[in-house]
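Working notes, structure below.
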Amino acid sequence: MSKTIIVSNRLPVSLRLRNGRYDFKPSAGGLATGLGSIYTKGENIWIGWPGNVVDEPGQRAEIVQELQQHKMVPVFLSQKDVEEFYEGFSNETLWPAFHYFTQYIAYNPEHWEAYYRVNRMFCEAILEKANLDDTIWIHDYQLILLPQMLREALPDATIGFFQHIPFPSYEIIRMIPWRKELLLGVCGADLIGFHTYEDMRHFLSAVSRITGLSSESGYIQTENRLINVDSFPMGIDYGKFEKQAKSKKTQKLVQEYRKQLGDHKLILTTDRLDYSKGIPQRIHAFNQLLSEHKELHGKVSMIMIVVPSRDNVQSYKELKEEIDLLVGRINSEYSTLNWVPVHYFYRGFPIEELSAFYSMSDIALVTPLRDGMNLVCKEFVASKTDQTGVLILSEMAGASKELLDAILVNPNDKQSVVDAIYQALNMQTDEQTERIKAMQKSLRKYDVFQWVDVFMDRLAHVKSKQDELTSKIVDEEVMGEISVAFRAAESPILFLDYDGTLTGFTGNPQDAKPDQELQDLVRSLTKSAQVVLISGRDKDTLGAWFEGFSVDLIAEHGVWMKKKEHPEEWELYAEVDDSWKEDIRNIMEYYVIRTPGALIEEKHHSLVWHYRKVEKGLGDLRMRELLSHLKYMARGHNLQVLEGNMVLEIKRPDINKGRAALNLMKGQEHDFILAVGDDWTDEDTFKALPKEAYTIRVGYSYTQADYNIKSFRQVRRLLGKLVEQDLN
Ligand code: GDG
């Protein structure tokens, strides 16, 4: 039976050494609770680092045993691993880069090596437990290389990856020297999830620019797999926070705290110590509020919880000192005997107390400069069981895409934060309730359990989609079957597209002329079959490249045909009406002038706008603009606009490869038909041919063809097999 393995850098547990023995405390964090619905079931397990450096073998064995009872498997990290992989590459390279703090990025090759090494250690730990058909869900930026490492060892495993922190723009990713390895590493997964659409968009763009893998509608196409990239905004355990807020214990704490603090308004902030959280900026904004609004003195306080984190790293140490200084300054300036502006706690609180802070605060001020999602703001909303309170939320947190009823602010715009606090302090109860209710409704529905279910469902869906396509891949067996049928046939015919099918793509279309291997292959094929080269290419190029070959040629998607019996004679499929060309050419010219690298190719019956050499992204943008422009014009002229591989072609609709193929076969009898093509102009051929024909589409995409084949190299291998030649 297949099982599910959850993998994250940290196990959801903390270990404490007491009197020479470890004691275990399961984590009550949101992720641990959400994933609890998975790893606690059946044979499923969670693999990760328990959080302590344990070198002594006896202690390790003890930990392994203890964790086994909690369905967890530890990966032990040495002190060096922790320093170089965790604190180093993860937290000093990826963390600042992914949160747009480029000034803090460290480029340290030793840290990169450690990152690779530890990802490999995780891979080995997983392989000890995993079966070939298991589902593996990997979490977060510390383990980006792991999906591909696993893929190589378990080609059929179902692998999901979720990144909890933001994914930045290509402009940032390109700064990291190991960017390509990182992106190819994560592409070992079948499903890659982010919190927001923006993150996924950035990821897809980086993948396309850095690795060259193309994508469409959230699906990346590799040679042998489709990878889905999607957005899965993570929720909280809503019920738990609601219940906690209503509990007697929390209510009692609320009463106690309120008594001690007096009845003035409370603004709550709670974060881990991190420069991405915008803590100093927030204190500055509060300071400005107090200086602009003297009437608020003695009437409003900020409760600021900062949970210690990474404070042995220099930049975090400095941040802590800055916060200490700013809090000291504001309190010394404004405090009175019965009012303190900022109640500052540099420690974490147990959940009952945190819940009491959420419940009793009038405002939550959540203003990170960047945050993947941010769960604190969601927990605050869930804890407002009396449905009053105001959430002020940074636009830079993933949660802002969902919580539109918060007051959204740009945390870099100090005045907007000041104004938001002022607005929140003066918001009528009715409006507060309306906003909180709306947010609660959504958070209740999209909770962490639903998040887990949706991710797992999607992963299964991607896998079944892949299986559908895999079942059509031309493998050794199918190659064998086709070869046998070919050899048994008396009059076989082959329809072969050229670019992308018999040869790869080149920057300049004229550079793709047949190499020696291809020439030899086509010559051999012509000895035992009727070979038809059926291409979108112009007749002169095709004619010149295959001069002296005993082949039939169909050029320009079927406009021209030349039979091998009459090598001098190109036949025209239909009368040429060129009158439309001038108008269309003028439009295309306009897009060439605006787009360095673009060019126009003129064929007898069509005009083609090429953008293979245009800057990535700009080419797509211009192509879309041109497409909508041309579509409008095309209607008037009764023309057809076709999107090809880095080209846009406009032509008469009655001309296509399918019709041309049938036309060529008129009056002929064939007991074996094979058609191979790589783009959707070849789909016309696949559709038109009789159903006994073998039809094959190059690449891993949806097709009317019977089969998919990985690449033009594989096409050559297949054709080689037909004539008993071994091509690799
Ligand atoms: C990542 C991403 C993304 C805070 N103070 C106390 C306390 N907390 C708990 C909160 C909350 C958690 O810590 C913080 O959650 P965040 O979402 O803000 O951030 P991370 O978990 O560090 O990090 C983030 C998240 O992953 C999930 O994908 O949202 O963007 O950076 O749950 O309750 N808990 C207790 N006492 C405290 O004083 N007990």
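Each chain in the structure tokens gets a letter, A, B and so on, in the order shown; residues start at 1 in every chain, and ligands are counted from 1 in the order they appear.
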
At a cut-off of 7 Å around ligand 1, and using only C-alpha atoms and all ligand atoms, what residues come up? Please write them as a short mmCIF file (atom, residue, chain, number, x, y, z; two decimals) with N, CA, C and O atoms, in the first residue's frame.
data_model
loop_
_atom_site.label_atom_id
_atom_site.label_comp_id
_atom_site.auth_asym_id
_atom_site.auth_seq_id
_atom_site.Cartn_x
_atom_site.Cartn_y
_atom_site.Cartn_z
N GLY A 29 1.81 24.26 16.29
CA GLY A 29 1.74 25.23 15.19
C GLY A 29 0.69 24.84 14.15
O GLY A 29 0.26 23.68 14.09
N GLY A 30 0.33 25.83 13.34
CA GLY A 30 -0.75 25.64 12.36
C GLY A 30 -0.44 24.52 11.37
O GLY A 30 -1.29 23.67 11.08
N LEU A 31 0.80 24.51 10.88
CA LEU A 31 1.16 23.52 9.87
C LEU A 31 1.09 22.12 10.48
O LEU A 31 0.55 21.19 9.87
N HIS A 164 6.47 28.17 1.69
CA HIS A 164 5.72 29.00 2.64
C HIS A 164 6.11 30.46 2.60
O HIS A 164 5.40 31.31 3.14
N ILE A 165 7.26 30.76 2.01
CA ILE A 165 7.70 32.16 1.96
C ILE A 165 7.48 32.67 0.53
O ILE A 165 7.18 31.89 -0.36
N MET A 234 -2.72 29.38 2.44
CA MET A 234 -2.86 28.53 3.63
C MET A 234 -3.75 29.18 4.67
O MET A 234 -3.70 30.38 4.91
N THR A 270 2.44 41.15 16.93
CA THR A 270 3.22 39.98 17.34
C THR A 270 3.92 39.35 16.14
O THR A 270 3.29 39.07 15.12
N ASP A 271 5.23 39.22 16.28
CA ASP A 271 6.03 38.68 15.18
C ASP A 271 7.25 37.96 15.75
O ASP A 271 7.66 38.22 16.87
N ARG A 272 7.81 37.12 14.89
CA ARG A 272 9.14 36.61 15.17
C ARG A 272 10.12 37.75 14.88
O ARG A 272 9.85 38.59 14.02
N ILE A 305 4.71 42.02 20.97
CA ILE A 305 5.37 40.75 21.29
C ILE A 305 6.36 40.45 20.18
O ILE A 305 6.00 40.43 19.00
N VAL A 307 8.96 37.51 19.19
CA VAL A 307 9.40 36.17 19.57
C VAL A 307 10.86 36.01 19.14
O VAL A 307 11.18 36.23 17.97
N ARG A 347 9.71 37.73 24.06
CA ARG A 347 9.54 36.30 24.38
C ARG A 347 8.22 35.81 23.79
O ARG A 347 7.36 36.62 23.45
N GLY A 348 8.08 34.50 23.71
CA GLY A 348 6.81 33.94 23.24
C GLY A 348 5.89 33.68 24.43
O GLY A 348 6.34 33.66 25.58
N PHE A 349 4.61 33.52 24.14
CA PHE A 349 3.64 33.25 25.21
C PHE A 349 2.91 31.94 24.94
O PHE A 349 2.74 31.57 23.78
N PRO A 350 2.44 31.28 26.00
CA PRO A 350 1.61 30.10 25.75
C PRO A 350 0.33 30.50 25.02
O PRO A 350 -0.10 31.66 25.11
N ILE A 351 -0.26 29.54 24.34
CA ILE A 351 -1.39 29.83 23.47
C ILE A 351 -2.56 30.53 24.19
O ILE A 351 -3.20 31.43 23.63
N LEU A 354 -1.60 34.12 24.41
CA LEU A 354 -1.64 34.74 23.08
C LEU A 354 -3.11 34.99 22.69
O LEU A 354 -3.48 36.07 22.20
N ASP A 371 5.88 39.13 3.49
CA ASP A 371 5.50 37.93 4.23
C ASP A 371 4.82 36.98 3.26
O ASP A 371 3.98 37.42 2.46
N GLY A 372 5.19 35.71 3.32
CA GLY A 372 4.59 34.74 2.41
C GLY A 372 3.08 34.77 2.55
O GLY A 372 2.33 35.00 1.59
N MET A 373 2.61 34.54 3.78
CA MET A 373 1.18 34.60 4.06
C MET A 373 0.93 35.51 5.24
O MET A 373 0.38 36.58 5.14
N ASN A 374 1.35 35.10 6.43
CA ASN A 374 1.14 35.69 7.73
C ASN A 374 -0.13 35.12 8.36
O ASN A 374 -1.25 35.38 7.93
N LEU A 375 0.12 34.33 9.38
CA LEU A 375 -1.00 33.65 10.04
C LEU A 375 -1.52 34.43 11.24
O LEU A 375 -2.67 34.27 11.64
N VAL A 376 -0.66 35.31 11.79
CA VAL A 376 -1.07 36.06 12.98
C VAL A 376 -2.35 36.85 12.70
O VAL A 376 -3.29 36.86 13.51
N GLU A 379 -5.28 34.59 12.80
CA GLU A 379 -5.58 34.12 14.16
C GLU A 379 -6.28 35.22 14.96
O GLU A 379 -7.20 34.94 15.74
#

Which residues, written as a ChimeraX atom specification, have at least one atom at most 12 Å from range 73-75 of chain A, with only C-alpha atoms counted and residues fewer than 4 positions away on the same chain left out?
-> /A:5-15,39,44-55,60-69,81-82,118-126,128-130

Just C-alpha atoms for this one: save the residues we selected as a PDB file, in the first residue's frame.
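Written out: result.pdb:
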ATOM      1  CA  ILE A   5       5.531  11.108   3.700  1.00  0.00           C
ATOM      2  CA  ILE A   6       5.613  14.690   4.924  1.00  0.00           C
ATOM      3  CA  VAL A   7       9.035  16.303   4.819  1.00  0.00           C
ATOM      4  CA  SER A   8      10.096  19.604   6.333  1.00  0.00           C
ATOM      5  CA  ASN A   9      13.321  20.981   7.695  1.00  0.00           C
ATOM      6  CA  ARG A  10      11.941  20.948  11.259  1.00  0.00           C
ATOM      7  CA  LEU A  11       9.872  18.171  12.732  1.00  0.00           C
ATOM      8  CA  PRO A  12       6.757  19.400  14.536  1.00  0.00           C
ATOM      9  CA  VAL A  13       8.294  18.685  17.890  1.00  0.00           C
ATOM     10  CA  SER A  14      10.729  20.244  20.313  1.00  0.00           C
ATOM     11  CA  LEU A  15      13.308  18.270  22.247  1.00  0.00           C
ATOM     12  CA  TYR A  39       0.904  11.921   8.976  1.00  0.00           C
ATOM     13  CA  ASN A  44       2.263   7.706   6.946  1.00  0.00           C
ATOM     14  CA  ILE A  45       5.201   9.506   8.548  1.00  0.00           C
ATOM     15  CA  TRP A  46       6.867  12.917   8.917  1.00  0.00           C
ATOM     16  CA  ILE A  47      10.603  13.241   8.254  1.00  0.00           C
ATOM     17  CA  GLY A  48      12.707  16.196   9.442  1.00  0.00           C
ATOM     18  CA  TRP A  49      15.274  17.605  11.811  1.00  0.00           C
ATOM     19  CA  PRO A  50      14.249  17.496  15.471  1.00  0.00           C
ATOM     20  CA  GLY A  51      15.898  20.882  16.077  1.00  0.00           C
ATOM     21  CA  ASN A  52      18.826  19.915  18.335  1.00  0.00           C
ATOM     22  CA  VAL A  53      22.357  18.921  17.486  1.00  0.00           C
ATOM     23  CA  VAL A  54      22.742  15.394  18.805  1.00  0.00           C
ATOM     24  CA  ASP A  55      26.002  13.644  17.961  1.00  0.00           C
ATOM     25  CA  ARG A  60      20.353   9.437  18.603  1.00  0.00           C
ATOM     26  CA  ALA A  61      19.039   5.893  18.918  1.00  0.00           C
ATOM     27  CA  GLU A  62      16.909   6.961  21.868  1.00  0.00           C
ATOM     28  CA  ILE A  63      15.457   9.841  19.869  1.00  0.00           C
ATOM     29  CA  VAL A  64      14.759   7.627  16.855  1.00  0.00           C
ATOM     30  CA  GLN A  65      12.840   5.244  19.052  1.00  0.00           C
ATOM     31  CA  GLU A  66      10.876   7.904  20.850  1.00  0.00           C
ATOM     32  CA  LEU A  67       9.951   9.751  17.664  1.00  0.00           C
ATOM     33  CA  GLN A  68       8.871   6.537  16.010  1.00  0.00           C
ATOM     34  CA  GLN A  69       6.002   6.395  18.474  1.00  0.00           C
ATOM     35  CA  ASP A  81      25.245  21.581   8.948  1.00  0.00           C
ATOM     36  CA  VAL A  82      23.207  23.881  11.129  1.00  0.00           C
ATOM     37  CA  VAL A 118      21.963  18.368   3.577  1.00  0.00           C
ATOM     38  CA  ASN A 119      19.295  18.113   0.872  1.00  0.00           C
ATOM     39  CA  ARG A 120      21.065  14.911  -0.168  1.00  0.00           C
ATOM     40  CA  MET A 121      20.973  13.686   3.451  1.00  0.00           C
ATOM     41  CA  PHE A 122      17.236  14.300   3.530  1.00  0.00           C
ATOM     42  CA  CYS A 123      16.907  12.438   0.246  1.00  0.00           C
ATOM     43  CA  GLU A 124      18.718   9.426   1.652  1.00  0.00           C
ATOM     44  CA  ALA A 125      16.666   9.461   4.834  1.00  0.00           C
ATOM     45  CA  ILE A 126      13.499   9.472   2.734  1.00  0.00           C
ATOM     46  CA  GLU A 128      15.242   4.478   3.472  1.00  0.00           C
ATOM     47  CA  LYS A 129      11.535   4.760   4.186  1.00  0.00           C
ATOM     48  CA  ALA A 130       9.900   5.360   0.821  1.00  0.00           C
TER      49      ALA A 130
END

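Comparing the minimum interatomic distances between Val340 in chain A and each of A:Ile363, A:Leu722, A:Leu391, A:Met304, counting only C-alpha atoms, we find that A:Met304 sits nearest.
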
From A:Glu477, A:Asp413, A:Asp583, A:Glu43, residue lying nearest His284 in chain A [only C-alpha atoms] =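 Smallest distance to His284 in chain A is found for A:Asp413.
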
Extract the full set of alpha helix (DSSP H) residues from range 653-702 of chain A according to DSSP on the backbone, and format it as a PyMOL selection string.
-> chain A and resi 657-665+680-688

Pick from A:Glu322, A:Asp405, A:Glu602, A:Asp538: nearest to Lys441 in chain A, with only C-alpha atoms counted?
-> A:Asp405

List as a PDB file with C-alpha atoms, in the first residue's frame the protein and nucleic acid residues near range 92-108 of chain A, meaning an atom at most 9 Å away when only C-alpha atoms are counted, but skip any in the same chain fewer than 6 places from it.
ATOM      1  CA  TYR A  86      20.329  26.281   7.961  1.00  0.00           C
ATOM      2  CA  TYR A 141      12.749  26.781   1.014  1.00  0.00           C
ATOM      3  CA  GLN A 142      15.295  24.776   3.006  1.00  0.00           C
ATOM      4  CA  ILE A 165       7.696  32.162   1.959  1.00  0.00           C
ATOM      5  CA  PRO A 166       7.307  34.480  -1.042  1.00  0.00           C
ATOM      6  CA  PHE A 167       8.789  33.707  -4.427  1.00  0.00           C
ATOM      7  CA  PRO A 168      10.397  36.893  -5.731  1.00  0.00           C
ATOM      8  CA  SER A 169      10.632  38.330  -9.179  1.00  0.00           C
ATOM      9  CA  ILE A 172      16.035  38.887  -7.678  1.00  0.00           C
ATOM     10  CA  ILE A 173      16.356  35.183  -8.424  1.00  0.00           C
ATOM     11  CA  MET A 175      21.230  37.336  -8.628  1.00  0.00           C
ATOM     12  CA  ILE A 176      21.749  33.962  -6.947  1.00  0.00           C
ATOM     13  CA  PRO A 177      24.669  32.106  -8.562  1.00  0.00           C
ATOM     14  CA  TYR A 275      13.822  42.316   9.393  1.00  0.00           C
ATOM     15  CA  SER A 276      11.048  41.244   7.004  1.00  0.00           C
ATOM     16  CA  VAL A 313      23.039  36.158  13.392  1.00  0.00           C
ATOM     17  CA  SER A 315      21.743  41.333  11.274  1.00  0.00           C
ATOM     18  CA  LEU A 369       7.564  44.526   4.654  1.00  0.00           C
ATOM     19  CA  ARG A 370       7.237  41.076   3.035  1.00  0.00           C
ATOM     20  CA  ASP A 371       5.503  37.932   4.230  1.00  0.00           C
ATOM     21  CA  GLY A 372       4.590  34.739   2.409  1.00  0.00           C
TER      22      GLY A 372
END

Quick one: distance from CA of Met149 in chain A to CA of Leu182 in chain A in Å, one decimal?
->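 Value for the CA of Met149 in chain A-CA of Leu182 in chain A distance: 11.4 Å.
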
A:Arg523, A:Lys401, A:Lys687, A:Lys80 ranked by distance to Gly720 in chain A, top pick (using only C-alpha atoms) | A:Arg523

Fewer than 2 positions away in the same chain doesn't count, so skip those; otherwise give me all residues within 8 Å of Ile600 in chain A, counting only C-alpha atoms, as a list in words.
->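 Selected residues are Met588, Glu589, Val592, Ala598, Glu602, Leu607, Val608, Trp609 and His610 of chain A.
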
Minimum-distance residue to Asn287 in chain A, chosen among A:Met200, A:Val641, A:Ile330, A:Leu325 (using only C-alpha atoms) | A:Ile330
